[in-house]
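S.K.: The following file, target.cif, comprises mmCIF, C-alpha atoms and all ligand atoms:
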data_target
loop_
_atom_site.label_atom_id
_atom_site.label_comp_id
_atom_site.auth_asym_id
_atom_site.auth_seq_id
_atom_site.Cartn_x
_atom_site.Cartn_y
_atom_site.Cartn_z
CA MET V 4 -198.90 90.06 22.43
CA LYS V 5 -195.87 87.83 21.95
CA PHE V 6 -198.08 84.75 22.34
CA LYS V 7 -200.47 86.07 19.67
CA LYS V 8 -197.59 86.65 17.27
CA PHE V 9 -196.26 83.17 17.98
CA MET V 10 -199.68 81.60 17.32
CA ALA V 11 -200.05 83.61 14.07
CA LEU V 12 -196.65 82.31 12.97
CA ILE V 13 -197.61 78.72 13.80
CA CYS V 14 -200.91 79.11 11.86
CA THR V 15 -199.05 80.53 8.85
CA PHE V 16 -196.69 77.54 8.85
CA VAL V 17 -199.52 75.01 9.24
CA ILE V 18 -201.44 76.56 6.31
CA MET V 19 -198.32 76.76 4.21
CA PHE V 20 -197.38 73.18 4.98
CA SER V 21 -200.84 71.82 4.11
CA ASN V 22 -200.78 73.89 0.90
CA LEU V 23 -197.34 72.56 0.09
CA ILE V 24 -198.73 69.04 0.06
CA ASN V 25 -201.33 70.17 -2.50
CA VAL V 26 -199.15 72.53 -4.50
CA SER V 27 -198.11 69.87 -6.97
CA ALA V 28 -201.44 68.09 -6.74
CA ALA V 29 -202.56 69.12 -10.22
CA SER V 30 -202.21 65.97 -12.34
CA ASP V 31 -201.74 65.99 -16.11
CA ASP V 32 -205.51 66.04 -16.56
CA VAL V 33 -205.94 69.11 -14.40
CA VAL V 34 -204.95 72.58 -15.56
CA LYS V 35 -203.43 74.72 -12.85
CA ALA V 36 -204.04 78.48 -12.76
CA VAL V 37 -202.98 81.10 -10.27
CA LEU V 38 -204.42 84.52 -9.38
CA LEU V 39 -201.60 87.03 -8.94
CA GLY V 40 -201.85 90.70 -8.01
CA ASP V 41 -201.14 93.32 -5.37
CA SER V 42 -202.59 92.95 -1.91
CA GLU V 43 -206.13 94.35 -1.70
CA VAL V 44 -206.87 94.28 -5.43
CA GLY V 45 -209.75 91.96 -4.59
CA LYS V 46 -208.47 88.48 -5.53
CA THR V 47 -210.07 86.63 -2.63
CA THR V 48 -213.36 88.51 -2.85
CA MET V 49 -213.58 87.61 -6.54
CA PHE V 50 -212.46 84.01 -5.87
CA GLU V 51 -215.25 83.67 -3.30
CA ARG V 52 -217.81 85.36 -5.55
CA LEU V 53 -216.97 82.82 -8.25
CA GLN V 54 -217.76 79.99 -5.87
CA SER V 55 -220.66 81.29 -3.80
CA GLY V 56 -222.14 83.89 -6.15
CA GLU V 57 -222.14 86.37 -3.27
CA PHE V 58 -220.16 89.43 -2.27
CA ASN V 59 -218.45 89.05 1.06
CA ASP V 60 -216.95 92.39 2.09
CA HIS V 61 -215.31 90.92 5.20
CA VAL V 62 -212.70 88.63 3.68
CA SER V 63 -209.43 88.53 5.59
CA PRO V 64 -206.10 89.16 3.89
CA THR V 65 -204.93 85.84 2.48
CA ILE V 66 -202.29 83.88 4.36
CA GLY V 67 -200.48 81.44 2.10
CA ALA V 68 -202.94 80.37 -0.58
CA ALA V 69 -206.12 78.39 -1.24
CA TYR V 70 -207.45 76.58 -4.27
CA VAL V 71 -210.65 75.31 -5.82
CA ASN V 72 -211.20 72.76 -8.62
CA THR V 73 -213.81 73.49 -11.28
CA LYS V 74 -214.93 71.34 -14.21
CA TYR V 75 -215.34 73.00 -17.61
CA GLY V 76 -216.83 70.26 -19.79
CA ASN V 77 -214.32 67.41 -19.76
CA ASN V 78 -211.53 69.63 -18.52
CA GLU V 79 -210.72 70.55 -14.96
CA LEU V 80 -209.20 73.78 -13.69
CA GLN V 81 -207.43 74.11 -10.35
CA LEU V 82 -207.53 77.81 -9.50
CA TRP V 83 -205.24 79.15 -6.76
CA ASP V 84 -205.85 82.35 -4.81
CA THR V 85 -202.57 83.76 -3.50
CA ASN V 86 -201.65 86.66 -1.29
CA GLY V 87 -200.20 89.76 -2.82
CA ARG V 88 -198.19 91.21 0.04
CA LYS V 89 -194.69 92.25 -0.93
CA ASP V 90 -193.08 90.59 2.12
CA TYR V 91 -194.58 87.21 1.06
CA ARG V 92 -193.50 87.55 -2.57
CA HIS V 93 -190.66 85.02 -2.25
CA LEU V 94 -193.22 82.32 -1.30
CA LEU V 95 -195.30 82.87 -4.41
CA MET V 96 -192.91 80.83 -6.52
CA MET V 97 -194.04 77.73 -4.68
CA TYR V 98 -197.65 78.27 -5.83
CA CYS V 99 -196.55 79.00 -9.39
CA ARG V 100 -194.94 75.59 -9.80
CA GLY V 101 -196.56 73.61 -12.63
CA VAL V 102 -198.89 76.45 -13.46
CA SER V 103 -200.28 76.72 -17.00
CA ILE V 104 -202.37 79.88 -16.65
CA VAL V 105 -201.57 83.09 -14.78
CA VAL V 106 -204.43 85.48 -14.11
CA ILE V 107 -203.01 88.90 -13.26
CA CYS V 108 -205.49 90.87 -11.15
CA ILE V 109 -205.36 94.63 -11.49
CA ASP V 110 -207.39 97.22 -9.60
CA CYS V 111 -209.15 99.42 -12.15
CA ALA V 112 -208.22 102.48 -10.05
CA ASN V 113 -204.52 101.61 -10.39
CA PRO V 114 -204.06 99.50 -13.50
CA ASN V 115 -200.37 98.74 -13.27
CA PHE V 116 -199.53 95.57 -15.17
CA ASP V 117 -195.75 96.03 -15.30
CA GLU V 118 -194.67 94.45 -12.03
CA TRP V 119 -196.83 91.34 -12.40
CA VAL V 120 -196.03 90.78 -16.07
CA GLU V 121 -192.35 91.00 -15.09
CA TYR V 122 -192.89 88.59 -12.18
CA THR V 123 -194.71 86.13 -14.46
CA LYS V 124 -191.92 86.21 -17.04
CA ASN V 125 -189.19 85.73 -14.45
CA ASP V 126 -190.74 83.35 -11.92
CA CYS V 127 -193.37 81.26 -13.70
CA PRO V 128 -192.85 78.38 -16.11
CA GLU V 129 -192.36 79.19 -19.80
CA ASN V 130 -195.20 78.91 -22.32
CA ILE V 131 -197.93 79.83 -19.92
CA LEU V 132 -201.12 81.57 -20.89
CA ILE V 133 -201.26 85.06 -19.39
CA CYS V 134 -204.75 86.42 -18.68
CA ALA V 135 -205.82 89.46 -16.67
CA VAL V 136 -208.82 90.60 -14.67
CA VAL V 137 -209.48 94.25 -13.98
CA THR V 138 -211.21 94.32 -10.60
CA LYS V 139 -213.53 96.71 -8.73
CA THR V 140 -215.09 98.12 -11.87
CA ASP V 141 -217.88 99.54 -9.69
CA THR V 142 -215.45 102.15 -8.37
CA GLY V 143 -215.88 104.86 -10.97
CA ASN V 144 -214.56 103.48 -14.22
CA THR V 145 -215.18 105.23 -17.53
CA ALA V 146 -215.27 103.81 -21.05
CA ASP V 147 -212.16 105.87 -21.77
CA LYS V 148 -210.28 104.37 -18.85
CA LEU V 149 -211.26 100.80 -19.74
CA ALA V 150 -210.14 101.38 -23.34
CA ARG V 151 -206.74 102.58 -22.08
CA ILE V 152 -206.42 99.49 -19.85
CA THR V 153 -207.32 97.24 -22.82
CA GLU V 154 -204.60 98.97 -24.86
CA LYS V 155 -202.04 98.45 -22.06
CA ALA V 156 -203.01 94.77 -21.79
CA LYS V 157 -202.36 94.36 -25.52
CA GLU V 158 -198.94 95.99 -25.17
CA HIS V 159 -198.12 93.40 -22.50
CA HIS V 160 -199.36 90.52 -24.71
CA ILE V 161 -202.09 89.58 -22.24
CA GLU V 162 -204.04 86.94 -24.14
CA GLU V 163 -207.41 87.14 -22.40
CA LEU V 164 -208.84 90.07 -20.45
CA CYS V 165 -212.04 90.73 -18.55
CA PHE V 166 -213.51 93.38 -16.27
CA VAL V 167 -215.15 92.38 -13.01
CA SER V 168 -216.88 93.82 -10.00
CA ALA V 169 -217.10 91.24 -7.23
CA LYS V 170 -219.38 93.72 -5.47
CA THR V 171 -222.12 94.03 -8.12
CA GLY V 172 -221.37 90.72 -9.83
CA GLU V 173 -220.90 92.47 -13.18
CA GLY V 174 -218.40 90.60 -15.37
CA ILE V 175 -218.35 87.44 -13.24
CA GLU V 176 -219.86 85.42 -16.11
CA ASP V 177 -217.19 86.86 -18.43
CA LEU V 178 -214.57 85.74 -15.94
CA ARG V 179 -216.03 82.22 -15.91
CA LYS V 180 -215.95 82.17 -19.71
CA MET V 181 -212.38 83.46 -19.72
CA LEU V 182 -211.26 80.71 -17.32
CA SER V 183 -213.12 78.08 -19.32
CA ASN V 184 -211.57 79.29 -22.62
CA ALA V 185 -208.11 79.40 -21.11
CA THR V 186 -208.51 75.87 -19.68
CA ASN V 187 -209.66 74.52 -23.05
CA ARG V 188 -206.79 76.26 -24.83
CA VAL V 189 -204.23 74.70 -22.48
CA VAL V 190 -205.75 71.22 -22.89
CA ALA V 191 -205.86 71.64 -26.69
CA ALA V 192 -202.18 72.69 -26.69
CA ARG V 193 -201.30 69.66 -24.51
CA ASP V 194 -203.19 67.35 -26.87
CA GLU V 195 -201.39 68.88 -29.83
CA THR V 196 -197.99 68.36 -28.14
CA ALA V 197 -198.92 64.75 -27.31
CA ARG V 198 -200.06 64.13 -30.93
CA ALA V 199 -196.82 65.60 -32.29
CA ALA V 200 -194.76 63.43 -29.90
CA ALA V 201 -196.72 60.30 -30.94
CA ALA V 202 -196.21 61.14 -34.61
CA ARG V 203 -192.45 61.58 -34.04
CA ALA V 204 -192.28 58.26 -32.17
CA ALA V 205 -194.20 56.49 -34.98
CA ALA V 206 -191.87 57.99 -37.61
CA ALA V 207 -188.86 56.81 -35.59
CA ARG V 208 -190.32 53.25 -35.44
CA VAL V 209 -190.85 53.18 -39.23
CA TRP V 210 -187.28 54.37 -39.72
CA GLN V 211 -186.04 51.66 -37.37
CA LEU V 212 -188.01 48.93 -39.20
CA GLU V 213 -186.81 50.06 -42.61
CA TYR V 214 -183.18 50.70 -41.81
CA GLY V 215 -182.76 48.56 -38.70
CA CYS V 216 -181.32 51.37 -36.60
N1 LIG V 301 -215.87 98.30 -4.28
C1 LIG V 301 -215.35 97.08 -4.37
N2 LIG V 301 -214.57 96.62 -3.37
C2 LIG V 301 -214.03 95.39 -3.51
C3 LIG V 301 -214.29 94.57 -4.64
N3 LIG V 301 -213.60 93.43 -4.49
C4 LIG V 301 -212.95 93.51 -3.31
N4 LIG V 301 -213.21 94.69 -2.71
C5 LIG V 301 -212.66 95.13 -1.41
O1 LIG V 301 -211.26 95.25 -1.52
C6 LIG V 301 -210.61 94.87 -0.28
C7 LIG V 301 -209.54 93.83 -0.51
O2 LIG V 301 -210.12 92.65 -1.00
P1 LIG V 301 -209.40 91.22 -0.93
O3 LIG V 301 -210.27 90.28 -1.71
O4 LIG V 301 -209.08 90.85 0.46
O5 LIG V 301 -208.03 91.52 -1.69
P2 LIG V 301 -206.85 90.48 -2.01
O6 LIG V 301 -206.35 90.86 -3.37
O7 LIG V 301 -207.31 89.10 -1.83
O8 LIG V 301 -205.76 90.86 -0.93
P3 LIG V 301 -204.56 89.89 -0.33
O9 LIG V 301 -205.19 88.64 0.15
O10 LIG V 301 -203.96 90.69 0.78
O11 LIG V 301 -203.59 89.67 -1.44
C8 LIG V 301 -211.76 94.38 0.63
O12 LIG V 301 -212.11 95.42 1.50
C9 LIG V 301 -212.90 94.10 -0.34
O13 LIG V 301 -214.20 94.26 0.25
C10 LIG V 301 -215.14 95.09 -5.67
O14 LIG V 301 -215.43 94.48 -6.70
N5 LIG V 301 -215.64 96.35 -5.46
MG MG V 302 -206.71 87.59 -0.54
#
How would this structure read if it were set down as structure tokens?

M.R.:
Amino acid sequence: MKFKKFMALICTFVIMFSNLINVSAASDDVVKAVLLGDSEVGKTTMFERLQSGEFNDHVSPTIGAAYVNTKYGNNELQLWDTNGRKDYRHLLMMYCRGVSIVVICIDCANPNFDEWVEYTKNDCPENILICAVVTKTDTGNTADKLARITEKAKEHHIEELCFVSAKTGEGIEDLRKMLSNATNRVVAARDETARAAAARAAAARVWQLEYGC
């Protein structure tokens, strides 16, 4: 038993260490996004469904994190799947470094945004795009319930929202579109910032030429 625990600990450290090397791998051209949400809301199942198009109902609880890069036109998104367990919460910060998009994942049976919106505001970089996915919509949702969740998301200033069932596949295309939109918005904002900086630098050069200072 002790040996098993020891090996599990070693594995956790190896995975975390290899992730650490990649954590800041997103270059300026790549937009980094992270899936956040309570354990068991279905982050990994959805993450896998996005990649394979299939529902795997035997995914293991995530240890550390994993990522996948996806091209949306000329832009590239690096999407991280994290683990939601409370006792690993202090490690999440490491995966949120350099992130531009947070995707809060909420189980439609228990749509509690508060904790994760709070976490995002306190522990993620400023000026990030906050999106949300309501998961497991196959588990008895009603139009009324979804409308209430949409209202709550607005109250929390969630900028993009979609509803997904990794089991039936419903909403997966909407999720893809949401990720693509969010990626393009981040790149457009970066371009705008770069243009503004170039314009400021050009104005400073003109000033220098005219007034010699
Ligand atoms: N009915 C239904 N079950 C789902 C769906 N998505 C995931 N599940 C189930 O929910 C459980 C938890 O899924 P995970 O993907 O491991 O959850 P997670 O958020 O990655 O959990 P952590 O890795 O611990 O943070 C599994 O038993 C899944 O089969 C869904 O769309 N519908
Ligand atoms: Mg997981």

S.K.: Using all atoms listed in the file, pick whichever of V:Glu121, V:Met97, V:Val71, V:Ala201 has the shortest atom-to-atom distance to Ser55 (chain V).

M.R.: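 Once distances to Ser55 (chain V) are computed over all atoms listed in the file, the minimum belongs to V:Val71.
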
S.K.: Give the answer as one residue: which of V:Arg179, V:Arg203, V:Lys74, V:Lys170 has the shortest atom-to-atom distance to ligand LIG 301 (chain V), using all atoms listed in the file?

M.R.: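 Nearest candidate to ligand LIG 301 (chain V) out of V:Arg179, V:Arg203, V:Lys74, V:Lys170: V:Lys170.
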
S.K.: Please put the answer as AutoDock Vina command-line options: centre and edge lengths, in Å with one decimal, of a box along x, y and z that encloses all listed atoms of region 129-132 of chain V plus 6 Å on each side.

M.R.:
--center_x -196.7 --center_y 80.2 --center_z -21.1 --size_x 20.8 --size_y 14.7 --size_z 14.5

S.K.: Dump as CSV the rows for residues of chain V within 6 Å of ligand MG 302 (chain V): closest atom pair and distance in Å with one decimal, only C-alpha atoms and all ligand atoms counted, ordered by chain and rising residue number.

M.R.:
residue,atom,partner,partner_atom,distance
V:Lys46,CA,V:MG302,MG,5.4
V:Thr47,CA,V:MG302,MG,4.1
V:Pro64,CA,V:MG302,MG,4.7
V:Thr65,CA,V:MG302,MG,3.9
V:Asn86,CA,V:MG302,MG,5.2

S.K.: Record the distance separating atom O5 of ligand LIG 301 (chain V) and CA of Val44 (chain V), expressed in Å with one decimal.

M.R.: 4.8 Å

S.K.: Using all atoms listed in the file, determine which residues lie at most 10 Å from Met181 (chain V), disregarding the query and same-chain residues fewer than 2 positions distant; provide the list as a list in words.

M.R.: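 What passes the distance filter is Val106, Cys134, Ala135, Val136, Glu163, Leu164, Cys165, Ile175, Glu176, Asp177, Leu178, Arg179, Ser183, Asn184, Ala185, Thr186 and Asn187 of chain V.
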
S.K.: Please measure the separation of CA of Cys127 (chain V) and CA of His159 (chain V), giving the value in Å to one decimal.

M.R.: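 Answer for the CA of Cys127 (chain V) to CA of His159 (chain V) separation: 15.7 Å.
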
S.K.: Please extract the residues at most 10 Å from ligand LIG 301 (chain V), counting all atoms listed in the file, and provide them as a PDB file with C-alpha atoms, in the coordinates of the input, using the chain letters and residue numbers of this document.

M.R.:
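What landed in result-v4.pdb:
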ATOM      1  CA  LEU V  38    -204.420  84.520  -9.380  1.00  0.00           C
ATOM      2  CA  LEU V  39    -201.600  87.030  -8.940  1.00  0.00           C
ATOM      3  CA  GLY V  40    -201.850  90.700  -8.010  1.00  0.00           C
ATOM      4  CA  ASP V  41    -201.140  93.320  -5.370  1.00  0.00           C
ATOM      5  CA  SER V  42    -202.590  92.950  -1.910  1.00  0.00           C
ATOM      6  CA  GLU V  43    -206.130  94.350  -1.700  1.00  0.00           C
ATOM      7  CA  VAL V  44    -206.870  94.280  -5.430  1.00  0.00           C
ATOM      8  CA  GLY V  45    -209.750  91.960  -4.590  1.00  0.00           C
ATOM      9  CA  LYS V  46    -208.470  88.480  -5.530  1.00  0.00           C
ATOM     10  CA  THR V  47    -210.070  86.630  -2.630  1.00  0.00           C
ATOM     11  CA  THR V  48    -213.360  88.510  -2.850  1.00  0.00           C
ATOM     12  CA  MET V  49    -213.580  87.610  -6.540  1.00  0.00           C
ATOM     13  CA  PHE V  50    -212.460  84.010  -5.870  1.00  0.00           C
ATOM     14  CA  GLU V  51    -215.250  83.670  -3.300  1.00  0.00           C
ATOM     15  CA  ARG V  52    -217.810  85.360  -5.550  1.00  0.00           C
ATOM     16  CA  PHE V  58    -220.160  89.430  -2.270  1.00  0.00           C
ATOM     17  CA  ASN V  59    -218.450  89.050   1.060  1.00  0.00           C
ATOM     18  CA  ASP V  60    -216.950  92.390   2.090  1.00  0.00           C
ATOM     19  CA  HIS V  61    -215.310  90.920   5.200  1.00  0.00           C
ATOM     20  CA  VAL V  62    -212.700  88.630   3.680  1.00  0.00           C
ATOM     21  CA  SER V  63    -209.430  88.530   5.590  1.00  0.00           C
ATOM     22  CA  PRO V  64    -206.100  89.160   3.890  1.00  0.00           C
ATOM     23  CA  THR V  65    -204.930  85.840   2.480  1.00  0.00           C
ATOM     24  CA  ILE V  66    -202.290  83.880   4.360  1.00  0.00           C
ATOM     25  CA  GLY V  67    -200.480  81.440   2.100  1.00  0.00           C
ATOM     26  CA  ALA V  68    -202.940  80.370  -0.580  1.00  0.00           C
ATOM     27  CA  ASP V  84    -205.850  82.350  -4.810  1.00  0.00           C
ATOM     28  CA  THR V  85    -202.570  83.760  -3.500  1.00  0.00           C
ATOM     29  CA  ASN V  86    -201.650  86.660  -1.290  1.00  0.00           C
ATOM     30  CA  GLY V  87    -200.200  89.760  -2.820  1.00  0.00           C
ATOM     31  CA  ARG V  88    -198.190  91.210   0.040  1.00  0.00           C
ATOM     32  CA  LYS V  89    -194.690  92.250  -0.930  1.00  0.00           C
ATOM     33  CA  TYR V  91    -194.580  87.210   1.060  1.00  0.00           C
ATOM     34  CA  CYS V 108    -205.490  90.870 -11.150  1.00  0.00           C
ATOM     35  CA  ILE V 109    -205.360  94.630 -11.490  1.00  0.00           C
ATOM     36  CA  ASP V 110    -207.390  97.220  -9.600  1.00  0.00           C
ATOM     37  CA  CYS V 111    -209.150  99.420 -12.150  1.00  0.00           C
ATOM     38  CA  VAL V 137    -209.480  94.250 -13.980  1.00  0.00           C
ATOM     39  CA  THR V 138    -211.210  94.320 -10.600  1.00  0.00           C
ATOM     40  CA  LYS V 139    -213.530  96.710  -8.730  1.00  0.00           C
ATOM     41  CA  THR V 140    -215.090  98.120 -11.870  1.00  0.00           C
ATOM     42  CA  ASP V 141    -217.880  99.540  -9.690  1.00  0.00           C
ATOM     43  CA  THR V 142    -215.450 102.150  -8.370  1.00  0.00           C
ATOM     44  CA  GLY V 143    -215.880 104.860 -10.970  1.00  0.00           C
ATOM     45  CA  PHE V 166    -213.510  93.380 -16.270  1.00  0.00           C
ATOM     46  CA  VAL V 167    -215.150  92.380 -13.010  1.00  0.00           C
ATOM     47  CA  SER V 168    -216.880  93.820 -10.000  1.00  0.00           C
ATOM     48  CA  ALA V 169    -217.100  91.240  -7.230  1.00  0.00           C
ATOM     49  CA  LYS V 170    -219.380  93.720  -5.470  1.00  0.00           C
ATOM     50  CA  THR V 171    -222.120  94.030  -8.120  1.00  0.00           C
ATOM     51  CA  GLY V 172    -221.370  90.720  -9.830  1.00  0.00           C
ATOM     52  CA  GLU V 173    -220.900  92.470 -13.180  1.00  0.00           C
ATOM     53  CA  GLY V 174    -218.400  90.600 -15.370  1.00  0.00           C
TER      54      GLY V 174
END

S.K.: For a quick check of understanding, using all atoms listed in the file, which of V:Glu57, V:Asn78, V:Trp83, V:Ala200 has the smallest distance to Ala36 (chain V)?

M.R.: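 Nearest to Ala36 (chain V): V:Trp83.
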
S.K.: Can you work out which one of V:Asp32, V:Asp117, V:Pro128, V:Val190 has the shortest atom-to-atom distance to Glu158 (chain V), counting all atoms listed in the file?

M.R.: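 Comparing V:Asp32, V:Asp117, V:Pro128, V:Val190 against Glu158 (chain V), the winner is V:Asp117.
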
S.K.: Excluding Arg188 (chain V) and residues on its chain fewer than 3 positions from it, collect all residues at most 12 Å away from it, counting only C-alpha atoms, and give them as a PDB file with C-alpha atoms, in the frame of the given file.

M.R.:
ATOM      1  CA  VAL V  34    -204.950  72.580 -15.560  1.00  0.00           C
ATOM      2  CA  TYR V  75    -215.340  73.000 -17.610  1.00  0.00           C
ATOM      3  CA  ASN V  78    -211.530  69.630 -18.520  1.00  0.00           C
ATOM      4  CA  LEU V  80    -209.200  73.780 -13.690  1.00  0.00           C
ATOM      5  CA  SER V 103    -200.280  76.720 -17.000  1.00  0.00           C
ATOM      6  CA  ILE V 104    -202.370  79.880 -16.650  1.00  0.00           C
ATOM      7  CA  ILE V 131    -197.930  79.830 -19.920  1.00  0.00           C
ATOM      8  CA  LEU V 132    -201.120  81.570 -20.890  1.00  0.00           C
ATOM      9  CA  ILE V 133    -201.260  85.060 -19.390  1.00  0.00           C
ATOM     10  CA  GLU V 162    -204.040  86.940 -24.140  1.00  0.00           C
ATOM     11  CA  GLU V 163    -207.410  87.140 -22.400  1.00  0.00           C
ATOM     12  CA  MET V 181    -212.380  83.460 -19.720  1.00  0.00           C
ATOM     13  CA  LEU V 182    -211.260  80.710 -17.320  1.00  0.00           C
ATOM     14  CA  SER V 183    -213.120  78.080 -19.320  1.00  0.00           C
ATOM     15  CA  ASN V 184    -211.570  79.290 -22.620  1.00  0.00           C
ATOM     16  CA  ALA V 185    -208.110  79.400 -21.110  1.00  0.00           C
ATOM     17  CA  ALA V 191    -205.860  71.640 -26.690  1.00  0.00           C
ATOM     18  CA  ALA V 192    -202.180  72.690 -26.690  1.00  0.00           C
ATOM     19  CA  ARG V 193    -201.300  69.660 -24.510  1.00  0.00           C
ATOM     20  CA  ASP V 194    -203.190  67.350 -26.870  1.00  0.00           C
ATOM     21  CA  GLU V 195    -201.390  68.880 -29.830  1.00  0.00           C
TER      22      GLU V 195
END

S.K.: Mind giving me the straight-line distance from CA of Thr145 (chain V) to CA of Tyr122 (chain V) in Å, one decimal?

M.R.: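 One can read the CA of Thr145 (chain V) to CA of Tyr122 (chain V) distance as 28.3 Å.
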
S.K.: Give the answer as one residue: which of V:Ala112, V:Lys180, V:Glu118, V:Tyr98 has the shortest atom-to-atom distance to Leu149 (chain V), using all atoms listed in the file?

M.R.: V:Ala112

S.K.: Given the choices V:Val105, V:Val37, V:Trp119, V:Gly56, which gets closest to Leu82 (chain V) if the distance is worked out from all atoms listed in the file?

M.R.: V:Val37
